[in-house]
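Here the structure comes first, spelled out in structure tokens, and everything after it is commentary.
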2 protein chains.
Amino acid sequence: MREHGGNLDLAQQRFGGRAEDWIDLSTGINRLPYPVGEISAHYWQALPSRLEIDALHQAARHAYRTVAPIVAMGGAQAAIQLLPQLAPCGQVRILAPTYNEYAPVLSAAGWRVEEVRELDALAGADLAIVVNPNNPDGRYHAPKDLLSVLPRVGHLVIDESFVDAVPELSLAAEAGRPGLLILRSFGKFYGLAGLRLGFAIGNEADIAKLAAASGPWPVSGAAIAIGCRALRDDAWAKATSARLAQDCARLDGMAQSRGWRLVGGASLFRLYEMPDALAAQEKLARARIWSRVFAQNPTWLRLGLPGAEAEWSRLAEALAR
Amino acid sequence: MREHGGNLDLAQQRFGGRAEDWIDLSTGINRLPYPVGEISAHYWQALPSRLEIDALHQAARHAYRTVAPIVAMGGAQAAIQLLPQLAPCGQVRILAPTYNEYAPVLSAAGWRVEEVRELDALAGADLAIVVNPNNPDGRYHAPKDLLSVLPRVGHLVIDESFVDAVPELSLAAEAGRPGLLILRSFGKFYGLAGLRLGFAIGNEADIAKLAAASGPWPVSGAAIAIGCRALRDDAWAKATSARLAQDCARLDGMAQSRGWRLVGGASLFRLYEMPDALAAQEKLARARIWSRVFAQNPTWLRLGLPGAEAEWSRLAEALAR
């Protein structure tokens, strides 16, 4: 398995402690999740019905402010796994550095992978990938700039896994255009990554292809039950977006007093630069706080946002040591 | 979507009633499920870790009595979706009639599909598919007869979705041989189809290929939490197998007194022949009992097993009308 955040099992192997002793800030998953509530027996026992999956699609269209064709899957990652099937093998250009699953998944399927640094350099690719806002550095592009790339590539995939709190950046409303495919993650903003739920939004032909590849029951009953509730809960989304904005500022402040420089970030994680990120990770790990470092950049440390106040206190103490 | 059992939404559209008014016998899903119990917050919130997925794999190896490489997926269906990637496109032969997803999934991926009626006719195929015991007619083959096919085909896929109650029929212990791939369903025997959990068991190269295609988080936290418990619970599996055997005999008796002929069946469903299956389906549907008919055979009606005693009574009354 490639290196990912959320690998608390590795932290435990290296530094000890039980899972519940740790605060896992190695991912960009909201630590104050949407309330799971009661899941009725029906959702565990029955195969998800067509009507139920349609209702989930409608709820997602509501949350993502789009009327375009959509298909639910087991996380945005499940959509990434299917990208090689979107078009015949060719050249894919990925705006890098970014989430490390795109290149190997497409490369393994025979695509020629090129990583580029600027939006304009995507032009001419059969498939172009932009994570917006980007993970791990938070770099983002305005919708109109992304749309200007669309006519110059075969397919343009925008991974909006971290866009929920900044909906004005989303291109979901433009999905339906030929060649444009939007990926959305449910688990990160709603704090329920274990549920495995995400969506692809696009034009009819592309979504039909991805839906066929996903099969008749691509998500669980629990994902339908919880997703339908959560994606209709505008008040929760609004309050959470506001809270995340405050929490980002709070974390940036703590990092700054420690002498770390903010590289960038999205509403669920922040990327800081420091002389020795591995040393910082170890120091936090001794306080049972797990963070993310990057093999390709030894000065980068990424932190998710603490949730409960007690987590903030523990982080403050650990940083002060 | 192709015609499947478990489509209670269609029953409601045609005959009315709320979902909870119906007894859904249109599938082969155990109606007395494994107890879901408490799912801790961790399993909802965190990405499934490598250690947790490994523990699920170990539990499945225990239940399925194998030491072979294994990979968890979102149901046996998820494995079917990936079969086209197992080998370069070629000819697939399917022992028919059987579960109606194999032919279209492989055909859509460019495979030449041939349906055959006898085990020997599979010989020479690049990929051969046998559902054992078979859905919908319960036909089954002894492990040694299936193994005799293996050297004569490229890959032999045995779908053991309905083998749990008759483990002596399973080839899971033989998985690991070149070319042999076993698919297992969790949701049917354990009565938790909404959980979306299944497994592929095979040799190292095939399982590595399917695991790569499934991505790093192919199943939910709830599937791990429940699956790890259920697959280690030998007492529940044994009691359930015994109960299902009794229930099959009971259902067969009721059908016989109605004048229906048993075509065959596995431990979770029975297939009966009658002059007019559509009429029988309608009659049961008026009592809010949903059954499965088959477009290609107007004399076949498939029934899952009722669960609680009240369900048996309602079925008996409906059949007596």
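In the structure tokens, the first chain shown is A, the next is B, and so on; residue numbers restart at 1 for each chain, and ligands run from 1 in the order shown.
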
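Residues lying within 7 Å of Cys228 (chain B), counting only C-alpha atoms and ignoring same-chain neighbours fewer than 6 positions away, are Ala55, Leu56 and Ala59 of chain B.
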
Any idea what's packed within 6 Å of region 62-71 of chain A, counting only C-alpha atoms, ignoring anything in its chain fewer than 4 positions away? Could you give it as a list in words?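 Final neighbour list, sorted by chain and number: Ala172, Ala173, Ala175, Gly176, Phe199, Ala200, Ile201, Gly202, Glu204 and Leu231 of chain A.
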
Taking only C-alpha atoms into account, what are the residues of chain B at most 6 Å from chain A, put as number ranges by chain? B: 43-47, 191-196, 220-221

Print the selection's residues with C-alpha atoms to a file, as a PDB file, in the first residue's frame.
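out_13.pdb, written as the output of this step:
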ATOM      1  CA  TYR B  43     -15.149   2.370  12.591  1.00  0.00           C
ATOM      2  CA  TRP B  44     -17.365   5.129  11.232  1.00  0.00           C
ATOM      3  CA  GLN B  45     -14.798   7.898  11.432  1.00  0.00           C
ATOM      4  CA  ALA B  46     -11.395   6.476  10.566  1.00  0.00           C
ATOM      5  CA  LEU B  47     -10.152   5.108   7.284  1.00  0.00           C
ATOM      6  CA  GLY B 191     -28.168 -11.861   6.410  1.00  0.00           C
ATOM      7  CA  LEU B 192     -26.437  -8.493   6.029  1.00  0.00           C
ATOM      8  CA  ALA B 193     -26.522  -7.741   2.311  1.00  0.00           C
ATOM      9  CA  GLY B 194     -26.645  -3.991   2.976  1.00  0.00           C
ATOM     10  CA  LEU B 195     -23.185  -4.171   4.545  1.00  0.00           C
ATOM     11  CA  ARG B 196     -21.592  -4.923   1.146  1.00  0.00           C
ATOM     12  CA  SER B 220     -16.236   0.018   5.198  1.00  0.00           C
ATOM     13  CA  GLY B 221     -15.286   0.171   8.855  1.00  0.00           C
TER      14      GLY B 221
END

Of B:Ala320, B:Ala245, B:Leu106, B:Val153, the one sitting nearest Asp126 (chain B) when using only C-alpha atoms is B:Val153

With DSSP run on the backbone, what are the helix (DSSP H, G or I) residues within region 73-116 of chain B? I'd like them as a list in words.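 Helix (DSSP H, G or I) assignments inside region 73-116 of chain B correspond to Ala76, Gln77, Ala78, Ala79, Ile80, Gln81, Leu82, Leu83, Pro84, Gln85, Tyr102, Ala103, Pro104, Val105, Leu106, Ser107 and Ala108 of chain B.
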
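The smallest atom-to-atom distance between Phe294 (chain A) and any of A:Gln256, A:Asn132, A:Gln281, A:Gln13, using only C-alpha atoms, is found for A:Gln281.
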
List every residue of region 76-195 of chain A that DSSP, applied to the backbone of this structure, assigns to strand (DSSP E or B), and report them as a list of chain:residue names.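 Residues of region 76-195 of chain A classed as strand (DSSP E or B): A:Gln91, A:Val92, A:Arg93, A:Ile94, A:Leu95, A:Arg112, A:Val113, A:Glu114, A:Glu115, A:Val116, A:Leu127, A:Ala128, A:Ile129, A:Val130, A:Val131, A:His155, A:Leu156, A:Val157, A:Ile158, A:Asp159, A:Ala175, A:Arg177, A:Leu180, A:Leu181, A:Ile182, A:Leu183, A:Arg184, A:Ser185.
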
Requested write-out: N, CA, C and O atoms of the selected residues, as a compact mmCIF listing (two decimals), in the first residue's frame:
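Output saved as out.txt:
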# COMPACT_ATOMS: atom_id res chain seq x y z
N GLN A 91 -2.38 9.59 -22.79
CA GLN A 91 -1.52 10.34 -21.90
C GLN A 91 -2.34 11.08 -20.85
O GLN A 91 -3.31 11.78 -21.18
N VAL A 92 -1.94 10.93 -19.61
CA VAL A 92 -2.59 11.67 -18.54
C VAL A 92 -1.58 12.66 -17.97
O VAL A 92 -0.42 12.32 -17.74
N ARG A 93 -2.04 13.89 -17.76
CA ARG A 93 -1.21 14.89 -17.08
C ARG A 93 -1.86 15.25 -15.75
O ARG A 93 -3.07 15.50 -15.69
N ILE A 94 -1.04 15.24 -14.73
CA ILE A 94 -1.53 15.47 -13.37
C ILE A 94 -0.87 16.73 -12.83
O ILE A 94 0.36 16.85 -12.87
N LEU A 95 -1.68 17.64 -12.32
CA LEU A 95 -1.13 18.84 -11.69
C LEU A 95 -0.53 18.43 -10.34
O LEU A 95 -1.26 17.98 -9.44
N ARG A 112 0.27 6.72 -19.98
CA ARG A 112 1.53 7.44 -19.84
C ARG A 112 1.29 8.63 -18.92
O ARG A 112 0.48 9.51 -19.25
N VAL A 113 1.97 8.64 -17.80
CA VAL A 113 1.72 9.66 -16.77
C VAL A 113 2.77 10.75 -16.82
O VAL A 113 3.97 10.46 -16.81
N GLU A 114 2.32 11.99 -16.86
CA GLU A 114 3.24 13.11 -16.77
C GLU A 114 2.74 14.04 -15.67
O GLU A 114 1.55 14.36 -15.62
N GLU A 115 3.63 14.43 -14.78
CA GLU A 115 3.25 15.38 -13.75
C GLU A 115 3.67 16.77 -14.21
O GLU A 115 4.81 16.97 -14.65
N VAL A 116 2.76 17.73 -14.11
CA VAL A 116 3.07 19.10 -14.53
C VAL A 116 2.83 20.04 -13.36
O VAL A 116 2.18 19.68 -12.38
N LEU A 127 -6.21 12.96 -20.73
CA LEU A 127 -6.86 13.01 -19.42
C LEU A 127 -6.03 13.95 -18.56
O LEU A 127 -4.81 13.81 -18.49
N ALA A 128 -6.70 14.93 -17.94
CA ALA A 128 -6.00 15.87 -17.06
C ALA A 128 -6.63 15.79 -15.68
O ALA A 128 -7.84 15.69 -15.55
N ILE A 129 -5.77 15.82 -14.66
CA ILE A 129 -6.25 15.67 -13.28
C ILE A 129 -5.84 16.89 -12.47
O ILE A 129 -4.65 17.23 -12.41
N VAL A 130 -6.82 17.50 -11.81
CA VAL A 130 -6.54 18.60 -10.90
C VAL A 130 -7.28 18.34 -9.59
O VAL A 130 -8.49 18.09 -9.60
N VAL A 131 -6.56 18.35 -8.49
CA VAL A 131 -7.21 18.28 -7.18
C VAL A 131 -7.38 19.73 -6.72
O VAL A 131 -6.40 20.46 -6.62
N HIS A 155 -10.37 14.52 -21.34
CA HIS A 155 -11.18 14.57 -20.13
C HIS A 155 -10.45 15.42 -19.09
O HIS A 155 -9.22 15.36 -18.97
N LEU A 156 -11.23 16.20 -18.35
CA LEU A 156 -10.69 16.95 -17.22
C LEU A 156 -11.37 16.46 -15.95
O LEU A 156 -12.59 16.58 -15.81
N VAL A 157 -10.57 15.86 -15.07
CA VAL A 157 -11.10 15.37 -13.79
C VAL A 157 -10.71 16.36 -12.70
O VAL A 157 -9.53 16.66 -12.52
N ILE A 158 -11.72 16.89 -12.01
CA ILE A 158 -11.46 17.77 -10.87
C ILE A 158 -11.83 17.01 -9.61
O ILE A 158 -12.99 16.66 -9.40
N ASP A 159 -10.84 16.74 -8.79
CA ASP A 159 -11.05 16.06 -7.51
C ASP A 159 -11.37 17.13 -6.47
O ASP A 159 -10.50 17.90 -6.07
N ALA A 175 -20.81 20.38 -14.17
CA ALA A 175 -20.71 18.98 -14.59
C ALA A 175 -21.86 18.71 -15.56
O ALA A 175 -22.94 19.27 -15.43
N ARG A 177 -20.99 19.01 -18.80
CA ARG A 177 -20.25 19.38 -20.01
C ARG A 177 -19.43 18.19 -20.50
O ARG A 177 -18.90 17.43 -19.69
N LEU A 180 -15.89 16.81 -18.77
CA LEU A 180 -15.68 17.24 -17.38
C LEU A 180 -16.21 16.20 -16.40
O LEU A 180 -17.36 15.77 -16.51
N LEU A 181 -15.38 15.82 -15.46
CA LEU A 181 -15.80 14.87 -14.43
C LEU A 181 -15.36 15.40 -13.07
O LEU A 181 -14.20 15.74 -12.87
N ILE A 182 -16.32 15.46 -12.15
CA ILE A 182 -16.05 15.97 -10.81
C ILE A 182 -16.09 14.81 -9.82
O ILE A 182 -17.02 14.02 -9.85
N LEU A 183 -15.10 14.71 -8.95
CA LEU A 183 -15.12 13.70 -7.89
C LEU A 183 -15.35 14.39 -6.54
O LEU A 183 -14.74 15.42 -6.25
N ARG A 184 -16.24 13.81 -5.75
CA ARG A 184 -16.52 14.34 -4.42
C ARG A 184 -16.35 13.25 -3.38
O ARG A 184 -16.72 12.10 -3.60
N SER A 185 -15.81 13.64 -2.25
CA SER A 185 -15.66 12.74 -1.12
C SER A 185 -16.72 13.10 -0.08
O SER A 185 -16.94 14.28 0.20

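Each of B:Asn134, B:Ser40, B:Thr299, B:Asn203 was checked against Glu160 (chain B) using only C-alpha atoms; the smallest atom-to-atom distance is that of B:Asn134.
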
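CA of Ser291 (chain B) is positioned 7.7 Å from CA of Gly304 (chain B).
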
Spatial neighbours of Thr240 (chain A), max dist 9 Å, only C-alpha atoms, sep filter under 3 positions, as a list of chain:residue names: A:Leu32, A:Ala165, A:Phe189, A:Tyr190, A:Ala235, A:Trp236, A:Ala237, A:Arg243, A:Leu244, A:Ala245

Which of these residues is nearest to Glu309 (chain A), using only C-alpha atoms: A:Asp164, A:Ser148, A:Ala205, A:Arg250?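 Closest to Glu309 (chain A), using only C-alpha atoms: A:Arg250.
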
Counting only C-alpha atoms, figure out which residue out of B:Trp111, B:Tyr272, B:Trp290, B:Trp22 gets nearest to Pro88 (chain B).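 Using only C-alpha atoms, Pro88 (chain B) sits closest to B:Trp111.
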
One number please: CA of Lys209 (chain B) to CA of Ala103 (chain B), in Å, one decimal. 21.2 Å

Between A:Gly227, A:Gly16, A:Pro275, A:Gly264, which one has atoms that come closest to Gly198 (chain A), using only C-alpha atoms? A:Gly227
